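Peer 1: File follows, start_26.txt with compact mmCIF, C-alpha atoms:
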# COMPACT_ATOMS: atom_id res chain seq x y z
CA MET J 1 23.93 -13.35 15.07
CA GLU J 2 21.69 -13.98 12.09
CA LYS J 3 18.85 -11.51 11.76
CA LEU J 4 15.28 -12.72 11.61
CA LEU J 5 13.65 -9.48 10.46
CA SER J 6 14.94 -6.55 8.44
CA VAL J 7 12.81 -3.41 8.77
CA SER J 8 13.14 -0.80 6.05
CA ILE J 9 12.49 2.64 7.57
CA ALA J 10 12.08 5.52 5.12
CA ALA J 11 13.44 8.74 6.61
CA TYR J 12 12.96 12.06 4.84
CA ASN J 13 12.84 15.18 7.02
CA VAL J 14 11.35 13.24 9.94
CA GLU J 15 13.18 15.01 12.77
CA LYS J 16 9.89 15.38 14.65
CA THR J 17 8.90 11.71 14.48
CA ILE J 18 11.97 9.50 13.96
CA GLU J 19 12.77 9.24 17.68
CA LYS J 20 9.31 7.88 18.44
CA CYS J 21 9.70 5.49 15.53
CA LEU J 22 13.07 4.09 16.66
CA ASP J 23 12.23 4.16 20.39
CA SER J 24 9.19 2.01 19.71
CA PHE J 25 11.43 -0.95 18.81
CA LEU J 26 13.69 -0.73 21.85
CA ASP J 27 11.35 -2.45 24.30
CA SER J 28 11.16 -5.56 22.12
CA LYS J 29 12.59 -8.58 23.91
CA TYR J 30 13.83 -9.76 20.51
CA LEU J 31 15.71 -6.59 19.64
CA SER J 32 18.88 -8.52 18.81
CA LEU J 33 17.02 -10.38 16.04
CA LEU J 34 16.11 -7.10 14.31
CA GLU J 35 17.94 -5.18 11.62
CA LEU J 36 16.58 -1.63 11.38
CA LEU J 37 17.71 -0.14 8.08
CA VAL J 38 17.00 3.58 8.33
CA VAL J 39 17.34 5.00 4.84
CA ASN J 40 17.91 8.75 4.85
CA ASP J 41 16.41 9.97 1.58
CA GLY J 42 18.34 13.25 1.31
CA SER J 43 16.93 14.92 4.43
CA HIS J 44 17.89 18.54 5.06
CA ASP J 45 16.74 18.88 8.65
CA GLN J 46 18.18 17.19 11.79
CA THR J 47 17.06 13.68 10.81
CA VAL J 48 20.59 12.35 10.19
CA ASN J 49 22.02 13.73 13.43
CA ILE J 50 19.23 12.11 15.43
CA ILE J 51 19.63 8.72 13.74
CA GLU J 52 23.41 8.74 14.17
CA LYS J 53 22.98 8.81 17.95
CA TYR J 54 20.85 5.66 17.77
CA VAL J 55 23.40 3.95 15.50
CA GLN J 56 26.14 4.63 18.05
CA LYS J 57 24.02 3.33 20.92
CA TYR J 58 22.66 0.26 19.11
CA PRO J 59 25.41 -1.02 16.78
CA GLY J 60 24.53 -4.11 14.81
CA ILE J 61 20.83 -3.33 15.18
CA ILE J 62 20.22 0.17 13.84
CA TYR J 63 21.91 1.21 10.61
CA LEU J 64 21.91 4.56 8.80
CA ILE J 65 22.04 4.49 5.01
CA ASN J 66 22.48 7.90 3.39
CA LYS J 67 21.40 8.46 -0.21
CA LYS J 68 20.25 11.19 -2.56
CA ASN J 69 16.56 11.97 -2.58
CA GLY J 70 14.66 9.45 -4.66
CA GLY J 71 11.31 9.02 -2.93
CA HIS J 72 9.86 6.25 -0.78
CA GLY J 73 10.31 3.65 -3.50
CA SER J 74 14.04 4.31 -3.64
CA THR J 75 14.36 3.70 0.11
CA ILE J 76 12.68 0.29 -0.33
CA ASN J 77 14.92 -0.60 -3.28
CA THR J 78 18.02 0.39 -1.30
CA SER J 79 17.10 -1.47 1.87
CA LEU J 80 16.11 -4.64 -0.02
CA ARG J 81 19.58 -4.76 -1.59
CA LEU J 82 21.19 -4.48 1.86
CA ALA J 83 18.82 -6.53 3.99
CA THR J 84 20.28 -9.62 5.68
CA GLY J 85 17.18 -10.63 7.66
CA LYS J 86 15.20 -13.73 6.74
CA PHE J 87 12.01 -11.63 6.60
CA TYR J 88 11.48 -8.07 5.36
CA LYS J 89 9.05 -5.38 6.45
CA VAL J 90 8.53 -1.74 5.46
CA LEU J 91 7.86 1.12 7.90
CA ASP J 92 7.59 4.85 7.32
CA GLY J 93 9.68 7.20 9.46
CA ASP J 94 6.65 8.99 10.88
CA ASP J 95 4.98 5.75 11.96
CA TRP J 96 5.97 3.36 14.77
CA VAL J 97 5.39 -0.11 16.22
CA ASP J 98 3.83 -1.51 19.37
CA ALA J 99 6.73 -3.48 20.89
CA ASN J 100 4.56 -6.08 22.61
CA GLU J 101 2.61 -6.74 19.43
CA LEU J 102 5.85 -6.81 17.45
CA ASP J 103 7.12 -9.56 19.76
CA LYS J 104 4.03 -11.62 18.93
CA LEU J 105 4.75 -11.18 15.24
CA ILE J 106 8.41 -12.12 15.71
CA GLU J 107 7.43 -15.29 17.59
CA CYS J 108 5.28 -16.20 14.61
CA LEU J 109 8.19 -15.55 12.22
CA MET J 110 10.42 -17.84 14.29
CA ASP J 111 8.24 -20.86 13.57
CA THR J 112 6.25 -20.15 10.42
CA LYS J 113 6.70 -22.11 7.23
CA ALA J 114 4.86 -19.37 5.30
CA GLU J 115 6.56 -16.89 2.99
CA LEU J 116 4.13 -14.06 3.76
CA VAL J 117 2.73 -13.27 7.21
CA ILE J 118 -0.30 -11.01 7.47
CA ASN J 119 -1.21 -9.43 10.81
CA ASP J 120 -3.35 -6.47 11.84
CA TYR J 121 -2.32 -2.82 11.89
CA ASN J 122 -3.59 0.23 13.72
CA GLU J 123 -4.75 3.44 12.04
CA VAL J 124 -3.90 6.19 14.54
CA TYR J 125 -5.77 9.48 14.11
CA PRO J 126 -5.35 12.54 16.35
CA ASN J 127 -8.50 11.69 18.33
CA HIS J 128 -9.14 7.98 17.75
CA GLU J 129 -7.68 4.67 16.61
CA HIS J 130 -8.97 1.93 14.31
CA ARG J 131 -7.61 -1.61 14.11
CA VAL J 132 -7.63 -3.01 10.57
CA THR J 133 -7.69 -6.76 9.96
CA HIS J 134 -7.90 -9.14 7.01
CA ARG J 135 -8.00 -12.27 9.18
CA ARG J 136 -11.78 -12.73 9.23
CA LEU J 137 -11.83 -15.31 6.45
CA TYR J 138 -8.88 -17.33 7.72
CA LYS J 139 -7.75 -19.52 10.60
CA GLU J 140 -4.78 -18.63 12.75
CA HIS J 141 -1.74 -20.95 12.95
CA LYS J 142 -2.48 -22.37 9.51
CA VAL J 143 -0.29 -21.96 6.45
CA TYR J 144 -2.38 -21.34 3.34
CA ALA J 145 -1.27 -21.89 -0.21
CA PHE J 146 -1.99 -18.75 -2.19
CA ASP J 147 -4.60 -20.66 -4.20
CA GLU J 148 -6.58 -21.25 -1.00
CA LEU J 149 -7.15 -17.54 -0.37
CA VAL J 150 -10.69 -16.15 -0.75
CA PRO J 151 -12.35 -19.16 -2.40
CA ASP J 152 -14.76 -17.06 -4.48
CA GLY J 153 -11.86 -15.02 -5.85
CA ASP J 154 -13.33 -11.65 -4.82
CA PHE J 155 -10.31 -9.75 -3.54
CA ARG J 156 -11.63 -6.20 -3.87
CA ASP J 157 -12.04 -5.89 -0.08
CA ASN J 158 -9.29 -8.33 0.79
CA ILE J 159 -6.08 -6.82 -0.53
CA PHE J 160 -3.26 -6.97 2.01
CA ALA J 161 -1.82 -3.57 2.92
CA MET J 162 1.90 -2.89 3.19
CA HIS J 163 1.45 -2.19 6.90
CA GLU J 164 0.28 -5.73 7.64
CA SER J 165 2.73 -7.55 5.37
CA THR J 166 5.96 -9.26 6.39
CA ILE J 167 7.54 -11.33 3.64
CA LEU J 168 10.49 -13.61 3.06
CA THR J 169 13.29 -11.36 1.83
CA GLU J 170 14.52 -13.77 -0.82
CA ARG J 171 11.10 -14.06 -2.43
CA LEU J 172 11.05 -10.32 -3.19
CA ARG J 173 14.48 -10.66 -4.73
CA ASP J 174 13.38 -13.72 -6.70
CA VAL J 175 10.64 -11.73 -8.46
CA GLY J 176 12.99 -8.82 -9.07
CA MET J 177 11.10 -6.23 -7.06
CA GLN J 178 11.97 -2.75 -8.24
CA ILE J 179 9.76 0.07 -6.99
CA GLN J 180 9.44 3.27 -9.03
CA GLU J 181 11.57 6.07 -7.67
CA HIS J 182 10.81 9.78 -7.33
CA CYS J 183 7.21 8.78 -6.79
CA PHE J 184 4.74 8.80 -3.89
CA TYR J 185 2.43 5.86 -3.02
CA ALA J 186 5.17 3.24 -3.35
CA ASP J 187 3.22 0.96 -1.00
CA THR J 188 0.89 0.02 -3.86
CA GLU J 189 3.71 -1.39 -5.95
CA PHE J 190 5.16 -3.12 -2.89
CA LEU J 191 1.94 -5.00 -2.22
CA TYR J 192 1.75 -5.97 -5.91
CA TYR J 193 5.21 -7.53 -5.73
CA ALA J 194 4.39 -9.21 -2.42
CA GLY J 195 1.30 -10.73 -4.05
CA LEU J 196 3.41 -11.85 -6.99
CA ALA J 197 6.11 -13.36 -4.76
CA ALA J 198 4.34 -15.16 -1.92
CA ARG J 199 3.41 -18.80 -2.47
CA THR J 200 2.21 -19.40 1.09
CA VAL J 201 0.52 -17.16 3.66
CA GLU J 202 -0.09 -17.28 7.42
CA PHE J 203 -2.37 -14.95 9.41
CA ASN J 204 -1.26 -13.77 12.83
CA ASN J 205 -3.28 -12.14 15.61
CA SER J 206 -0.89 -9.28 16.37
CA CYS J 207 -1.05 -5.56 15.64
CA ALA J 208 2.50 -4.26 15.36
CA TYR J 209 2.31 -1.40 12.84
CA GLN J 210 0.96 1.93 14.11
CA TYR J 211 0.00 3.99 11.06
CA ARG J 212 -0.24 7.74 11.63
CA LEU J 213 -3.18 9.37 9.83
CA GLY J 214 -5.08 12.63 9.93
CA SER J 215 -2.10 14.98 9.73
CA ALA J 216 -2.34 17.96 7.40
CA GLY J 217 -0.26 17.62 4.25
CA GLN J 218 0.02 13.83 4.30
CA SER J 219 0.11 12.22 0.86
CA VAL J 220 -3.18 10.44 1.68
CA SER J 221 -4.96 13.69 2.60
CA ALA J 222 -7.10 15.55 0.05
CA GLU J 223 -4.38 18.19 -0.22
CA GLY J 224 -1.71 15.51 -0.68
CA ILE J 225 -3.72 13.63 -3.31
CA TYR J 226 -4.14 16.80 -5.37
CA LYS J 227 -0.47 17.63 -5.03
CA HIS J 228 0.74 14.14 -5.96
CA ILE J 229 -2.01 12.91 -8.27
CA GLU J 230 0.53 12.54 -11.08
CA ASP J 231 2.22 9.84 -9.01
CA LEU J 232 -1.05 7.94 -8.51
CA LEU J 233 -1.53 7.91 -12.28
CA LYS J 234 2.07 6.82 -12.81
CA ILE J 235 1.76 4.00 -10.27
CA GLU J 236 -1.49 2.68 -11.77
CA TYR J 237 -0.15 2.76 -15.31
CA ASN J 238 2.97 0.88 -14.23
CA LEU J 239 0.83 -1.73 -12.44
CA MET J 240 -1.06 -2.29 -15.70
CA LYS J 241 2.27 -2.71 -17.48
CA LEU J 242 3.53 -5.18 -14.87
CA TYR J 243 0.32 -7.20 -14.95
CA HIS J 244 0.39 -7.27 -18.75
CA GLN J 245 3.94 -8.65 -18.59
CA ASP J 246 3.37 -11.07 -15.71
CA SER J 247 -0.11 -12.50 -16.33
CA SER J 248 0.91 -14.95 -19.04
CA LYS J 249 3.54 -16.46 -16.73
CA ILE J 250 1.24 -16.84 -13.71
CA THR J 251 -0.36 -20.27 -13.55
CA SER J 252 -2.43 -19.59 -10.43
CA LYS J 253 -5.89 -18.21 -11.22
CA VAL J 254 -6.23 -16.97 -7.65
CA ARG J 255 -2.98 -15.01 -7.81
CA LYS J 256 -4.03 -13.44 -11.11
CA LYS J 257 -7.33 -12.38 -9.56
CA TYR J 258 -5.51 -10.95 -6.55
CA LEU J 259 -3.06 -8.93 -8.62
CA PHE J 260 -5.83 -7.74 -10.93
CA ALA J 261 -7.87 -6.62 -7.90
CA ILE J 262 -5.04 -4.26 -6.93
CA ILE J 263 -5.23 -2.63 -10.37
CA ASP J 264 -9.03 -2.73 -10.43
CA THR J 265 -9.52 -0.97 -7.08
CA ARG J 266 -6.91 1.69 -7.87
CA TYR J 267 -8.53 2.38 -11.24
CA PHE J 268 -11.85 3.06 -9.54
CA MET J 269 -10.06 5.10 -6.87
CA LEU J 270 -8.59 7.40 -9.53
CA PHE J 271 -12.07 8.30 -10.76
CA ASN J 272 -13.06 9.10 -7.18
CA CYS J 273 -9.94 11.22 -6.76
CA PHE J 274 -10.64 13.37 -9.81
CA ILE J 275 -14.41 13.61 -9.47
CA VAL J 276 -15.06 13.57 -5.71
CA ILE J 277 -11.86 14.58 -3.90
CA ILE J 278 -10.18 17.03 -6.29
CA GLN J 279 -12.35 20.05 -6.97
CA LYS J 280 -9.99 21.81 -9.36
CA SER J 281 -9.84 21.23 -13.10
CA ASP J 282 -6.23 22.18 -13.82
CA LYS J 283 -5.05 18.53 -13.78
CA ASP J 284 -7.99 16.99 -15.63
CA ASN J 285 -5.92 16.69 -18.80
CA LEU J 286 -3.56 14.32 -16.98
CA PHE J 287 -6.44 11.98 -16.21
CA THR J 288 -7.79 12.26 -19.74
CA HIS J 289 -4.44 11.23 -21.21
CA PHE J 290 -4.11 8.40 -18.68
CA ILE J 291 -7.53 6.95 -19.62
CA GLN J 292 -6.78 7.23 -23.32
CA ASP J 293 -3.33 5.63 -23.00
CA ALA J 294 -4.63 2.82 -20.79
CA LYS J 295 -7.41 2.02 -23.28
CA LYS J 296 -4.97 2.06 -26.17
CA ASN J 297 -2.17 -0.01 -24.62
CA TYR J 298 -4.00 -2.25 -22.13
CA PRO J 299 -7.56 -2.57 -23.48
CA ASP J 300 -8.19 -6.01 -21.94
CA ILE J 301 -7.23 -4.79 -18.47
CA VAL J 302 -9.38 -1.65 -18.70
CA HIS J 303 -12.31 -3.67 -20.08
CA TYR J 304 -12.48 -5.84 -16.96
CA CYS J 305 -11.99 -3.03 -14.43
CA TYR J 306 -15.16 -2.27 -12.50
CA LEU J 307 -16.72 1.18 -12.82
CA PRO J 308 -20.25 2.31 -11.90
CA TYR J 309 -22.29 3.58 -14.83
CA SER J 310 -21.58 7.24 -14.09
CA TYR J 311 -17.84 6.62 -14.27
CA GLN J 312 -18.24 4.52 -17.42
CA LEU J 313 -19.70 7.61 -19.05
CA VAL J 314 -16.72 9.66 -17.92
CA ALA J 315 -14.29 7.03 -19.25
CA ALA J 316 -16.01 7.15 -22.65
CA ALA J 317 -15.39 10.89 -23.07
CA PRO J 318 -13.18 12.14 -20.21
CA GLU J 319 -12.19 15.41 -21.85
CA PHE J 320 -15.83 16.51 -21.82
CA LEU J 321 -17.39 14.72 -18.85
CA ILE J 322 -14.89 15.00 -15.99
CA PRO J 323 -15.91 18.60 -15.11
CA GLY J 324 -19.61 17.88 -15.59
CA MET J 325 -19.60 14.74 -13.42
CA ARG J 326 -17.60 16.57 -10.75
CA PHE J 327 -20.28 19.27 -10.64
CA LEU J 328 -23.15 16.77 -10.71
CA LYS J 329 -21.69 14.77 -7.81
CA GLN J 330 -21.96 17.86 -5.61
CA THR J 331 -25.63 18.51 -6.33
CA LYS J 332 -28.70 17.50 -4.31
CA ILE J 333 -30.17 15.95 -7.46
CA TYR J 334 -27.36 13.40 -7.70
CA TYR J 335 -27.71 12.59 -4.00
CA ALA J 336 -31.46 12.06 -4.42
CA LEU J 337 -30.94 9.79 -7.42
CA SER J 338 -28.32 7.79 -5.53
CA GLU J 339 -30.65 7.28 -2.58
CA MET J 340 -33.46 6.28 -4.94
CA LYS J 341 -31.20 3.68 -6.56
CA LYS J 342 -30.23 2.27 -3.16
CA GLU J 343 -33.89 1.97 -2.19
CA LEU J 344 -34.74 0.14 -5.42
CA ILE J 345 -31.87 -2.30 -4.87
CA ARG J 346 -33.03 -2.87 -1.29
CA LYS J 347 -36.58 -3.65 -2.42
CA GLU J 348 -35.42 -6.01 -5.16
CA SER J 349 -33.28 -7.95 -2.71
When written as structure tokens, how does the structure in this file appear?

Peer 2:
Amino acid sequence: MEKLLSVSIAAYNVEKTIEKCLDSFLDSKYLSLLELLVVNDGSHDQTVNIIEKYVQKYPGIIYLINKKNGGHGSTINTSLRLATGKFYKVLDGDDWVDANELDKLIECLMDTKAELVINDYNEVYPNHEHRVTHRRLYKEHKVYAFDELVPDGDFRDNIFAMHESTILTERLRDVGMQIQEHCFYADTEFLYYAGLAARTVEFNNSCAYQYRLGSAGQSVSAEGIYKHIEDLLKIEYNLMKLYHQDSSKITSKVRKKYLFAIIDTRYFMLFNCFIVIIQKSDKDNLFTHFIQDAKKNYPDIVHYCYLPYSYQLVAAAPEFLIPGMRFLKQTKIYYALSEMKKELIRKES
């Protein structure tokens, strides 16, 4: 039977969560249309033994691919090479799906003429949940050309997350998607390639992906960001490189704005990471070198990236102003000035 959807599941030392992940698919009434490619990224716990039991019980549906450790990006690269499903989706081994909502998504995939389907996803914290959607600006059951997305071209708050994206497998292959390996935060590069690849988009009112958040040590926690900040810098620099290479070939102004928005928002995020989230100075030199290299090699991209005035000052002399701005951000004076600025803006409007 031909597979409708290949799901790439990254599995690295997920013995505590992989059963919940795989079990969550089993109640789908369209299980036979799924291809679950569980990529073991060099685990050294019981992950492989657990997955092997599922492979034996669900042959032709659940597959185990063993490989040396190469990071989340390497699991995506591996699964994309092997995927036989018409559509492709990425899931992390400590997340899961809602089977009923997955069925709604699959029913959409059965009929859609779109290359990219965007649906909601659920952020699941230890004590609460939050449904995230990017459907507000769009009609359901309508296929949009990429040029029809966000008419004013402001994508800063309308970038599609990996968790809500399901894309035609062949389109990712057509654009030569290759995610950086041995690197965290691979989802950012994935959504760049998805934005580069998709020519048509449909929005679906389902909420399949259940995204676990709030756990200590996650790469998106403050501790994880400090630990893996080198990877965030590496990802952003590579995105600038990709955009520099791709922009001259992209005829769609909307697509260019969308791809640039990914770089733009991550550039601003890096300043927040170093000045607001990270309170140590031992990695400041990495950020200084990143800013200097980006200005030197991709000046046009950096020029158009949005930064508030305080961060513009930091960018002008990072080696001197990163520690000072970090300190200032923590003071009551800065808070008072920020509130004063907000009040002035409110009065002017």

Peer 1: Pick out the closest residue to Val90 of chain J from this set: J:Tyr209, J:Tyr193, J:Tyr30, J:Phe25. Count all atoms listed in the file.

Peer 2: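 Between J:Tyr209, J:Tyr193, J:Tyr30, J:Phe25, the residue approaching Val90 of chain J most closely is J:Tyr209.
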
Peer 1: May I have the protein, DNA and RNA residues with any atom at most 8 Å from the point (-5.0, 12.3, 13.0), counting all atoms listed in the file, written as a list in words?

Peer 2: Val124, Tyr125, Pro126, Asn127, His128, Arg212, Leu213, Gly214 and Ser215 of chain J

Peer 1: Could you tell me which of J:Glu52, J:Phe274, J:Ala10, J:Lys57 comes closest to Val39 of chain J if we count all atoms listed in the file?

Peer 2: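 When distances to Val39 of chain J are compared using all atoms listed in the file, the smallest one comes from J:Ala10.
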
Peer 1: Kindly indicate which residue among J:Leu64, J:Cys207, J:Ala186, J:Leu242 lies nearest to Arg131 of chain J, using all atoms listed in the file for the distances.

Peer 2: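 Looking only at the distances to Arg131 of chain J, the closest residue turns out to be J:Cys207.
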
Peer 1: Which residue is closest to Val276 of chain J? Choose from J:His289, J:Arg326, J:Lys227, J:His244 and count only C-alpha atoms.

Peer 2: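 Looking only at the distances to Val276 of chain J, the closest residue turns out to be J:Arg326.
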
Peer 1: Neighbours of Lys89 of chain J within 8 Å (all atoms listed in the file; same-chain residues fewer than 4 positions away dropped), as a compact mmCIF listing (two decimals) with C-alpha atoms, in the coordinates of the input?

Peer 2:
# COMPACT_ATOMS: atom_id res chain seq x y z
CA LEU J 5 13.65 -9.48 10.46
CA SER J 6 14.94 -6.55 8.44
CA VAL J 7 12.81 -3.41 8.77
CA SER J 8 13.14 -0.80 6.05
CA SER J 165 2.73 -7.55 5.37
CA THR J 166 5.96 -9.26 6.39
CA ILE J 167 7.54 -11.33 3.64

Peer 1: Find the residues near Tyr185 of chain J: any atom within 12 Å, counting all atoms listed in the file, skip ones fewer than 4 places away on the same chain, and give them as number ranges by chain.

Peer 2: J: 71-74, 76, 92, 161-162, 179-181, 189-191, 218-220, 224-225, 228-236, 266

Peer 1: Have a look at atom CA of His303 of chain J and atom CA of Met177 of chain J and let me know their distance in Å, one decimal.

Peer 2: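 It comes out at 26.9 Å.
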
Peer 1: Counting all atoms listed in the file, which residue out of J:Asp41, J:Glu35, J:Glu101, J:Glu319 sits closest to Val55 of chain J?

Peer 2: J:Glu35

Peer 1: Smallest atom-to-atom distance to Asp23 of chain J: which of J:Asp95, J:Tyr144, J:Phe87, J:Leu82, using all atoms listed in the file?

Peer 2: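 Ranking J:Asp95, J:Tyr144, J:Phe87, J:Leu82 by distance to Asp23 of chain J, first place goes to J:Asp95.
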
Peer 1: Could you state the separation of atom CA of Ala197 of chain J and atom CA of Met110 of chain J in Å, given to one decimal place?

Peer 2: 20.0 Å

Peer 1: Is there a way to get, as a ChimeraX atom specification, all residues within 6 Å of the point (17.1, 1.4, 13.0) in file coordinates, counting all atoms listed in the file?

Peer 2: /J:36-38,62-63

Peer 1: Give me the residues near Ser252 of chain J as a list in words, where near means some atom within 10 Å (using all atoms listed in the file) and where sequence neighbours in that chain fewer than 6 positions away do not count.

Peer 2: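 Using all atoms listed in the file, the neighbours found are Phe146, Asp147, Arg199 and Tyr258 of chain J.
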
Peer 1: Go ahead and write the selection's residues with C-alpha atoms as a PDB file, keeping the file's coordinate frame.

Peer 2:
ATOM      1  CA  PHE J 146      -1.990 -18.750  -2.190  1.00  0.00           C
ATOM      2  CA  ASP J 147      -4.600 -20.660  -4.200  1.00  0.00           C
ATOM      3  CA  ARG J 199       3.410 -18.800  -2.470  1.00  0.00           C
ATOM      4  CA  TYR J 258      -5.510 -10.950  -6.550  1.00  0.00           C
TER       5      TYR J 258
END

Peer 1: What is the atom CA of Lys257 of chain J to atom CA of Val302 of chain J distance in Å?

Peer 2: 14.2 Å

Peer 1: I'd like the neighbourhood of Val143 of chain J as a list of chain:residue names, where a residue qualifies if any of its atoms comes within 9 Å (using all atoms listed in the file), though same-chain residues fewer than 2 positions away should be ignored.

Peer 2: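 These residues fall inside the cut-off: J:Thr112, J:Lys113, J:Ala114, J:Lys139, J:Glu140, J:His141, J:Ala145, J:Thr200, J:Val201, J:Glu202, J:Phe203.
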
Peer 1: Can I get the selected residues back with C-alpha atoms, as a PDB file, keeping the file's coordinate frame?

Peer 2:
ATOM      1  CA  THR J 112       6.250 -20.150  10.420  1.00  0.00           C
ATOM      2  CA  LYS J 113       6.700 -22.110   7.230  1.00  0.00           C
ATOM      3  CA  ALA J 114       4.860 -19.370   5.300  1.00  0.00           C
ATOM      4  CA  LYS J 139      -7.750 -19.520  10.600  1.00  0.00           C
ATOM      5  CA  GLU J 140      -4.780 -18.630  12.750  1.00  0.00           C
ATOM      6  CA  HIS J 141      -1.740 -20.950  12.950  1.00  0.00           C
ATOM      7  CA  ALA J 145      -1.270 -21.890  -0.210  1.00  0.00           C
ATOM      8  CA  THR J 200       2.210 -19.400   1.090  1.00  0.00           C
ATOM      9  CA  VAL J 201       0.520 -17.160   3.660  1.00  0.00           C
ATOM     10  CA  GLU J 202      -0.090 -17.280   7.420  1.00  0.00           C
ATOM     11  CA  PHE J 203      -2.370 -14.950   9.410  1.00  0.00           C
TER      12      PHE J 203
END

Peer 1: Please, can segment 36-48 of chain J be completed to N, CA, C and O atoms and returned as an mmCIF file, in the frame of the given file?

Peer 2:
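Okay, this is what ended up in rebuild.cif:
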data_model
loop_
_atom_site.group_PDB
_atom_site.id
_atom_site.type_symbol
_atom_site.label_atom_id
_atom_site.label_comp_id
_atom_site.auth_asym_id
_atom_site.auth_seq_id
_atom_site.Cartn_x
_atom_site.Cartn_y
_atom_site.Cartn_z
ATOM 1 N N LEU J 36 17.338 -2.826 11.745
ATOM 2 C CA LEU J 36 16.580 -1.630 11.380
ATOM 3 C C LEU J 36 17.412 -0.814 10.401
ATOM 4 O O LEU J 36 18.410 -0.189 10.769
ATOM 5 N N LEU J 37 16.994 -0.842 9.139
ATOM 6 C CA LEU J 37 17.710 -0.140 8.080
ATOM 7 C C LEU J 37 17.020 1.202 7.843
ATOM 8 O O LEU J 37 16.001 1.286 7.162
ATOM 9 N N VAL J 38 17.587 2.250 8.435
ATOM 10 C CA VAL J 38 17.000 3.580 8.330
ATOM 11 C C VAL J 38 17.624 4.272 7.125
ATOM 12 O O VAL J 38 18.816 4.605 7.134
ATOM 13 N N VAL J 39 16.820 4.460 6.091
ATOM 14 C CA VAL J 39 17.340 5.000 4.840
ATOM 15 C C VAL J 39 17.019 6.490 4.767
ATOM 16 O O VAL J 39 15.868 6.899 4.572
ATOM 17 N N ASN J 40 18.061 7.308 4.943
ATOM 18 C CA ASN J 40 17.910 8.750 4.850
ATOM 19 C C ASN J 40 17.833 9.156 3.383
ATOM 20 O O ASN J 40 18.795 9.014 2.631
ATOM 21 N N ASP J 41 16.681 9.674 2.989
ATOM 22 C CA ASP J 41 16.410 9.970 1.580
ATOM 23 C C ASP J 41 16.710 11.439 1.259
ATOM 24 O O ASP J 41 15.868 12.159 0.735
ATOM 25 N N GLY J 42 17.936 11.876 1.617
ATOM 26 C CA GLY J 42 18.340 13.250 1.310
ATOM 27 C C GLY J 42 17.717 14.287 2.218
ATOM 28 O O GLY J 42 17.415 15.409 1.766
ATOM 29 N N SER J 43 17.527 13.964 3.483
ATOM 30 C CA SER J 43 16.930 14.920 4.430
ATOM 31 C C SER J 43 17.798 16.166 4.570
ATOM 32 O O SER J 43 19.035 16.100 4.484
ATOM 33 N N HIS J 44 17.146 17.303 4.818
ATOM 34 C CA HIS J 44 17.890 18.540 5.060
ATOM 35 C C HIS J 44 17.483 19.193 6.365
ATOM 36 O O HIS J 44 17.628 20.410 6.539
ATOM 37 N N ASP J 45 16.990 18.385 7.292
ATOM 38 C CA ASP J 45 16.740 18.880 8.650
ATOM 39 C C ASP J 45 17.695 18.118 9.581
ATOM 40 O O ASP J 45 18.794 17.765 9.186
ATOM 41 N N GLN J 46 17.306 17.848 10.818
ATOM 42 C CA GLN J 46 18.180 17.190 11.790
ATOM 43 C C GLN J 46 18.012 15.663 11.813
ATOM 44 O O GLN J 46 18.509 15.000 12.728
ATOM 45 N N THR J 47 17.339 15.120 10.826
ATOM 46 C CA THR J 47 17.060 13.680 10.810
ATOM 47 C C THR J 47 18.334 12.849 10.957
ATOM 48 O O THR J 47 18.405 11.929 11.780
ATOM 49 N N VAL J 48 19.364 13.147 10.179
ATOM 50 C CA VAL J 48 20.590 12.350 10.190
ATOM 51 C C VAL J 48 21.268 12.403 11.548
ATOM 52 O O VAL J 48 21.705 11.377 12.085
#
